[in-house]
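Chemist: Could you have a look at this structure, given as structure tokens, before my questions?
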Amino acid sequence: MDPVRNPYAPGAGQRPPELAGRDREISQFEVVLERVARARPERSMVLTGLRGVGKTVLLNTFRSMALQRLWGTGKLEARPDQSIRRPVASALHMAVRELAPRHRAPDRIDDFLGVLKAFALRDPNAPKGAAAGLQFGIDVPAARGRADSGDLEVDLTELFTDAASVAADLGVGIALFVDEMQDVPAPDVSALCAACHELSQIGGPLIVVGAGLPHLPSVLSASKSYSERLFRYARIDRLDRDAADQALLAPAEREDVYFKQDALDALYAAADGYPYFVQAYGKVTWDVAAASPIAAADVAVAAPEAEGELAVGFFGSRYERATPAEREYMRAMAAIGDEPVPTANVADELGRKPSSLSPARDGLIKKGLIYSSERGLIAFTVPHFGKFLRNQPG
Ligand SMILES: Nc1ncnc2c1ncn2[C@@H]1O[C@H](COP(=O)(O)OP(=O)(O)O)[C@@H](O)[C@H]1O
Ligand SMILES: [Mg+2]
């Protein structure tokens with residue numbers, strides 16, 4: 001059928017034509033926004049899950065919800081080994097820029113921007129001299145003595161407090177979204193949690209909303225024991241049958257296209273409810289089908305092509321990042337099975353000492369390809385990755 005009208009959207013962070021099966025998380029976040037705006041004690045939310053389940057998309061949806069309530073919002077994507085100081089500064093700059101036109105006291109905004117600039121300039125890699133003056137195009141001079149101590153915990157707390165108070169002037173809040181939160185460097189995680197903790201105690205209307213891989217809760221609690229009281233963890237999972245059908249049917253119906261039951265059965269069997277796969281199989285199936293209603297035979301023709309695209313774009317691009325030793329390690333994991341595997345079994349499989357494999361394992365964790373689901377166990381962060389590896393030629 002007409003590829004131009006094809007509604008499906010496989011791709012990292014791509015907004016799906018229908019956000020299926022996330023009503024519960026959306027209504028929970030509505031409550032969070034309302035409560036924070038009224039200075040009621042509330043835990044912020046952190047979304048966790050495997051790759052391709054729709055965390056980024058949901059985080060973006062949360063951001064739209066905050067914007068609709070006229071909150072200021074900003075977003076950053078954490079990277080391993082990169083301090084969050086500058087990304088946080090840019091995100092808060094964005095958030096306050098959203099609020100500025102409605103604020104009656106321009107001085108308050110300028111004061112905040114001065115503090116923000118001073119905060120950003122404490123980054124060791126910040127431009128010096130004349131270039132520093134142009135930092136983010138903030139044309140007020142950097143303030144002194146606030147958020148510029150160099151101690152990230154102190155500075156974040158002061159910066160958040162000031163940002164929250166600008167938002168409170170307008171009766172709204174600020175939401176700072178942190179994607180790939182498991183990649184925030186350990187000292188920065190600790191500073192971020194401490195700043196959130198402080199803010200929740202004073203009832204400042206600023207929240208940090210995170211998304212990351214399934215081990216993110218253990219990353220947070222390793223850094224601050226009280227992190228469980230700061231964040232409500234929402235595990236984002238594959239879609240159940242109804243939601244997966246809805247993800248396919250609703251966008252098609254808007255184009256007057258329908259699916260036969262056997263086509264939906266075949267698509268669910270192939271995609272296993274994982275949102276990325278639902279979009280990928282849906283997209284190719286639409287293109288190969290000659291006419292509505294789409295039938296199982298169309299899915300059968302489309303499946304190999306969709307698998308080929310996933311092998312390159314979804315699986316292959318990640319596999320490429322691994323070194324030969326890391327690839328060997330993942331192949332051993334895949335050979336053992338699809339459940340989380342004890343690291344000791346991987347060593348057995350390879351006939352090696354567990355200690356000699358630590359560099360490969362740590363490298364893979366850092367690259368976000370595997371995670372430790374509980375002590376001594378590891379699993380792939382990418383659904384169906386084991387199957388992909390088993391189908392690869394030696
Ligand atoms: N609730 C949903 N319903 C249908 N498709 C979705 C849903 N959530 C995400 N998707 C699709 O899944 C893919 C992956 O989403 P993304 O947010 O990038 O996942 P993650 O951040 O968890 O890796 C995208 O193509 C997106 O359109
Ligand atoms: Mg994502």
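Every chain in the structure tokens has a letter given in the order shown (A, B, ...), and although residue numbers restart at 1 in each chain, ligands are simply numbered from 1 in the order shown.
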Got a sec to check which residues lie within 7 Å of ligand 2, using only C-alpha atoms and all ligand atoms, and send them as a list in words?
Modeler: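 So the residues close to ligand 2 are Ala12, Gly13, Arg51, Gly52, Gly54, Lys55, Thr56, Asp179 and Glu180 of chain A.
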Chemist: Find the spatial neighbours of Ala100 in chain A, counting only C-alpha atoms, within a cut-off of 10 Å - ignore same-chain residues fewer than 5 positions away - and output them as number ranges by chain.
Modeler: A: 72, 94-95, 105-106, 108-110, 166-167, 170
Chemist: Please write the residues from the selection above to a file, keeping N, CA and C atoms, as a compact mmCIF listing (two decimals), in the first residue's frame.
Modeler:
```
# COMPACT_ATOMS: atom_id res chain seq x y z
N GLY A 72 7.89 25.09 33.01
CA GLY A 72 9.12 25.17 32.24
C GLY A 72 9.73 23.77 32.18
N MET A 94 16.76 26.41 29.02
CA MET A 94 15.59 26.20 28.16
C MET A 94 14.30 26.34 28.97
N ALA A 95 14.28 25.70 30.14
CA ALA A 95 13.07 25.73 30.96
C ALA A 95 12.70 27.16 31.36
N ALA A 105 8.51 40.06 36.35
CA ALA A 105 9.69 40.77 36.88
C ALA A 105 10.94 40.30 36.15
N PRO A 106 11.31 41.03 35.07
CA PRO A 106 12.48 40.63 34.28
C PRO A 106 13.76 40.51 35.12
N ARG A 108 14.11 39.24 38.03
CA ARG A 108 14.19 37.90 38.64
C ARG A 108 14.77 36.91 37.64
N ILE A 109 14.36 37.06 36.38
CA ILE A 109 14.88 36.16 35.35
C ILE A 109 16.37 36.43 35.14
N ASP A 110 16.73 37.71 35.05
CA ASP A 110 18.14 38.04 34.85
C ASP A 110 19.00 37.56 36.01
N VAL A 166 11.69 30.84 40.71
CA VAL A 166 11.23 31.60 39.52
C VAL A 166 9.90 31.00 39.03
N ALA A 167 9.83 29.66 39.00
CA ALA A 167 8.60 29.01 38.53
C ALA A 167 7.46 29.26 39.51
N LEU A 170 5.17 32.11 39.18
CA LEU A 170 4.11 32.00 38.17
C LEU A 170 3.08 30.93 38.55
```
Chemist: Skip Gly212 in chain A itself and residues of its chain fewer than 4 positions away, then list as a list in words all residues within 8 Å of it, counting only C-alpha atoms.
Modeler: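 The residues that qualify are Val46, Leu47, Thr48, Gly49, Lys55, Asp179, Glu180, Met181, Gln182 and Leu216 of chain A.
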Chemist: Could you write out that same residue set with N, CA, C and O atoms as a PDB file, in the first residue's frame?
Modeler:
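Contents of part.pdb, freshly written:
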```
ATOM      1  N   VAL A  46      10.694   7.688  37.770  1.00  0.00           N
ATOM      2  CA  VAL A  46      11.811   7.214  36.965  1.00  0.00           C
ATOM      3  C   VAL A  46      11.325   6.001  36.175  1.00  0.00           C
ATOM      4  O   VAL A  46      10.799   5.043  36.753  1.00  0.00           O
ATOM      5  N   LEU A  47      11.474   6.080  34.859  1.00  0.00           N
ATOM      6  CA  LEU A  47      11.039   4.990  33.985  1.00  0.00           C
ATOM      7  C   LEU A  47      12.221   4.062  33.732  1.00  0.00           C
ATOM      8  O   LEU A  47      13.319   4.530  33.429  1.00  0.00           O
ATOM      9  N   THR A  48      11.996   2.778  33.861  1.00  0.00           N
ATOM     10  CA  THR A  48      13.086   1.840  33.569  1.00  0.00           C
ATOM     11  C   THR A  48      12.587   0.770  32.620  1.00  0.00           C
ATOM     12  O   THR A  48      11.397   0.454  32.592  1.00  0.00           O
ATOM     13  N   GLY A  49      13.498   0.219  31.842  1.00  0.00           N
ATOM     14  CA  GLY A  49      13.123  -0.867  30.942  1.00  0.00           C
ATOM     15  C   GLY A  49      14.203  -1.133  29.912  1.00  0.00           C
ATOM     16  O   GLY A  49      15.179  -0.387  29.806  1.00  0.00           O
ATOM     17  N   LYS A  55      10.705   4.160  26.478  1.00  0.00           N
ATOM     18  CA  LYS A  55      10.989   5.053  27.603  1.00  0.00           C
ATOM     19  C   LYS A  55      11.147   6.498  27.135  1.00  0.00           C
ATOM     20  O   LYS A  55      10.583   7.416  27.721  1.00  0.00           O
ATOM     21  N   ASP A 179      17.324  11.520  30.274  1.00  0.00           N
ATOM     22  CA  ASP A 179      17.251  10.234  29.582  1.00  0.00           C
ATOM     23  C   ASP A 179      18.597   9.520  29.728  1.00  0.00           C
ATOM     24  O   ASP A 179      19.613  10.165  29.997  1.00  0.00           O
ATOM     25  N   GLU A 180      18.579   8.208  29.572  1.00  0.00           N
ATOM     26  CA  GLU A 180      19.804   7.377  29.742  1.00  0.00           C
ATOM     27  C   GLU A 180      20.448   7.687  31.093  1.00  0.00           C
ATOM     28  O   GLU A 180      21.668   7.825  31.205  1.00  0.00           O
ATOM     29  N   MET A 181      19.613   7.769  32.116  1.00  0.00           N
ATOM     30  CA  MET A 181      20.083   8.221  33.430  1.00  0.00           C
ATOM     31  C   MET A 181      21.132   7.288  34.036  1.00  0.00           C
ATOM     32  O   MET A 181      21.937   7.713  34.867  1.00  0.00           O
ATOM     33  N   GLN A 182      21.130   6.014  33.605  1.00  0.00           N
ATOM     34  CA  GLN A 182      22.151   5.094  34.151  1.00  0.00           C
ATOM     35  C   GLN A 182      23.569   5.539  33.759  1.00  0.00           C
ATOM     36  O   GLN A 182      24.533   5.094  34.371  1.00  0.00           O
ATOM     37  N   LEU A 216      18.832   0.851  36.593  1.00  0.00           N
ATOM     38  CA  LEU A 216      18.917   2.223  37.106  1.00  0.00           C
ATOM     39  C   LEU A 216      18.556   2.345  38.598  1.00  0.00           C
ATOM     40  O   LEU A 216      19.260   3.036  39.338  1.00  0.00           O
TER      41      LEU A 216
END
```
Chemist: Once you count only C-alpha atoms and all ligand atoms, which residues end up within 7 Å of ligand 1, and could you hand them over as a list in words?
Modeler: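 Those within range of ligand 1 are Ala9, Pro10, Gly11, Ala12, Gly13, Gln14, Arg15, Pro16, Glu18, Leu19, Ala20, Gly21, Arg22, Gly49, Leu50, Arg51, Gly52, Val53, Gly54, Lys55, Thr56, Val57, Leu58, Ala247, Pro275, Tyr276, Val278 and Gln279 of chain A.
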Chemist: With distances taken over only C-alpha atoms, which residue among A:Ala332, A:Ile138, A:Leu267, A:Arg40 lies nearest Ala118 in chain A?
Modeler: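 Selected residue with least distance to Ala118 in chain A: A:Ile138.
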Chemist: Need the shell around Leu116 in chain A: protein/DNA/RNA residues with any atom at most 12 Å away, counting only C-alpha atoms. Skip same-chain ones fewer than 2 positions apart. Format as number ranges by chain?
Modeler: A: 85-96, 109-114, 118-123, 135-148, 155-156, 158-163
Chemist: Ranking A:Ala295, A:Leu389, A:Ser372, A:Ala194 by minimum distance to Ile336 in chain A and counting only C-alpha atoms, which one comes first?
Modeler: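 Result for the nearest residue to Ile336 in chain A: A:Leu389.
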Chemist: Within 9 Å of Tyr281 in chain A, counting only C-alpha atoms, which residues show up once you throw out same-chain ones fewer than 4 positions away? Write them as a JSON list (two decimals) with N, CA and C atoms, in the first residue's frame, please.
Modeler:
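Just written: out.json:
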```json
[["chain", "number", "residue", "atom", "x", "y", "z"],
["A", 8, "TYR", "N", 3.48, 3.97, 10.50],
["A", 8, "TYR", "CA", 4.30, 3.38, 11.57],
["A", 8, "TYR", "C", 5.67, 4.04, 11.63],
["A", 10, "PRO", "N", 9.20, 3.16, 13.27],
["A", 10, "PRO", "CA", 10.29, 2.56, 14.05],
["A", 10, "PRO", "C", 11.47, 3.53, 14.12],
["A", 267, "LEU", "N", 1.58, -10.83, 13.63],
["A", 267, "LEU", "CA", 2.39, -9.68, 14.03],
["A", 267, "LEU", "C", 2.75, -9.75, 15.51],
["A", 270, "ALA", "N", 5.52, -12.21, 15.96],
["A", 270, "ALA", "CA", 6.82, -11.71, 15.50],
["A", 270, "ALA", "C", 7.38, -10.62, 16.42],
["A", 271, "ALA", "N", 6.54, -9.67, 16.80],
["A", 271, "ALA", "CA", 7.04, -8.50, 17.53],
["A", 271, "ALA", "C", 7.10, -8.74, 19.03],
["A", 276, "TYR", "N", 9.24, -1.23, 19.71],
["A", 276, "TYR", "CA", 10.08, -0.98, 18.53],
["A", 276, "TYR", "C", 9.77, -1.99, 17.44],
["A", 277, "PHE", "N", 9.60, -3.25, 17.84],
["A", 277, "PHE", "CA", 9.34, -4.31, 16.86],
["A", 277, "PHE", "C", 7.93, -4.16, 16.28],
["A", 285, "THR", "N", 5.05, -4.48, 6.82],
["A", 285, "THR", "CA", 3.83, -5.19, 6.43],
["A", 285, "THR", "C", 2.91, -4.27, 5.61],
["A", 286, "TRP", "N", 2.78, -3.05, 6.07],
["A", 286, "TRP", "CA", 1.96, -2.07, 5.34],
["A", 286, "TRP", "C", 2.49, -1.91, 3.91],
["A", 299, "VAL", "N", 2.06, -10.52, 6.26],
["A", 299, "VAL", "CA", 3.04, -10.51, 7.35],
["A", 299, "VAL", "C", 4.16, -11.50, 7.03],
["A", 302, "ALA", "N", 6.46, -9.93, 4.71],
["A", 302, "ALA", "CA", 7.16, -8.77, 5.28],
["A", 302, "ALA", "C", 8.20, -9.17, 6.32],
["A", 303, "ALA", "N", 7.94, -10.26, 7.05],
["A", 303, "ALA", "CA", 8.78, -10.58, 8.22],
["A", 303, "ALA", "C", 10.28, -10.66, 7.92],
["A", 305, "GLU", "N", 12.00, -9.24, 5.65],
["A", 305, "GLU", "CA", 12.53, -7.91, 5.35],
["A", 305, "GLU", "C", 12.64, -7.08, 6.64],
["A", 306, "ALA", "N", 11.61, -7.18, 7.48],
["A", 306, "ALA", "CA", 11.63, -6.44, 8.74],
["A", 306, "ALA", "C", 12.79, -6.93, 9.62],
["A", 307, "GLU", "N", 12.97, -8.26, 9.65],
["A", 307, "GLU", "CA", 14.09, -8.81, 10.43],
["A", 307, "GLU", "C", 15.43, -8.30, 9.90]]
```
Chemist: Within 7 Å of range 248-259 of chain A, counting only C-alpha atoms, which residues show up once you throw out same-chain ones fewer than 6 positions away? Write them as a list of chain:residue names, please.
Modeler: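 Once the adjacent positions are removed, what remains is A:Pro7, A:Pro17, A:Glu18, A:Gly282, A:Ser292, A:Pro293, A:Ile294, A:Ala295.
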Chemist: Can you write out the residues you just picked, keeping N, CA, C and O atoms, as an mmCIF file, in the first residue's frame?
Modeler:
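So result04.cif came out as:
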```cif
data_model
loop_
_atom_site.group_PDB
_atom_site.id
_atom_site.type_symbol
_atom_site.label_atom_id
_atom_site.label_comp_id
_atom_site.auth_asym_id
_atom_site.auth_seq_id
_atom_site.Cartn_x
_atom_site.Cartn_y
_atom_site.Cartn_z
ATOM 1 N N PRO A 7 1.814 4.848 8.448
ATOM 2 C CA PRO A 7 1.870 5.628 9.691
ATOM 3 C C PRO A 7 2.936 5.161 10.691
ATOM 4 O O PRO A 7 3.238 5.883 11.637
ATOM 5 N N PRO A 17 2.587 6.588 16.168
ATOM 6 C CA PRO A 17 1.311 7.148 15.719
ATOM 7 C C PRO A 17 0.217 6.957 16.776
ATOM 8 O O PRO A 17 -0.748 7.717 16.787
ATOM 9 N N GLU A 18 0.396 5.966 17.645
ATOM 10 C CA GLU A 18 -0.554 5.734 18.734
ATOM 11 C C GLU A 18 0.266 5.303 19.949
ATOM 12 O O GLU A 18 1.005 4.328 19.865
ATOM 13 N N GLY A 282 5.115 -3.576 11.620
ATOM 14 C CA GLY A 282 3.939 -2.900 11.076
ATOM 15 C C GLY A 282 4.293 -2.119 9.816
ATOM 16 O O GLY A 282 3.570 -2.149 8.816
ATOM 17 N N SER A 292 -6.076 -3.321 1.688
ATOM 18 C CA SER A 292 -6.716 -3.602 2.970
ATOM 19 C C SER A 292 -7.826 -4.635 2.719
ATOM 20 O O SER A 292 -8.431 -4.598 1.637
ATOM 21 N N PRO A 293 -8.134 -5.553 3.628
ATOM 22 C CA PRO A 293 -7.465 -5.752 4.910
ATOM 23 C C PRO A 293 -6.140 -6.505 4.769
ATOM 24 O O PRO A 293 -5.998 -7.358 3.910
ATOM 25 N N ILE A 294 -5.221 -6.140 5.646
ATOM 26 C CA ILE A 294 -3.917 -6.795 5.679
ATOM 27 C C ILE A 294 -4.091 -8.204 6.241
ATOM 28 O O ILE A 294 -4.805 -8.398 7.231
ATOM 29 N N ALA A 295 -3.460 -9.199 5.593
ATOM 30 C CA ALA A 295 -3.647 -10.599 5.992
ATOM 31 C C ALA A 295 -2.332 -11.218 6.469
ATOM 32 O O ALA A 295 -1.254 -10.639 6.278
#
```
Chemist: Would you please work out which residue, of A:Ala291, A:Leu152, A:Asp81, A:Ala191, is nearest to Lys367 in chain A when using only C-alpha atoms?
Modeler: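 Checking each of A:Ala291, A:Leu152, A:Asp81, A:Ala191 against Lys367 in chain A, counting only C-alpha atoms, the winner is A:Asp81.
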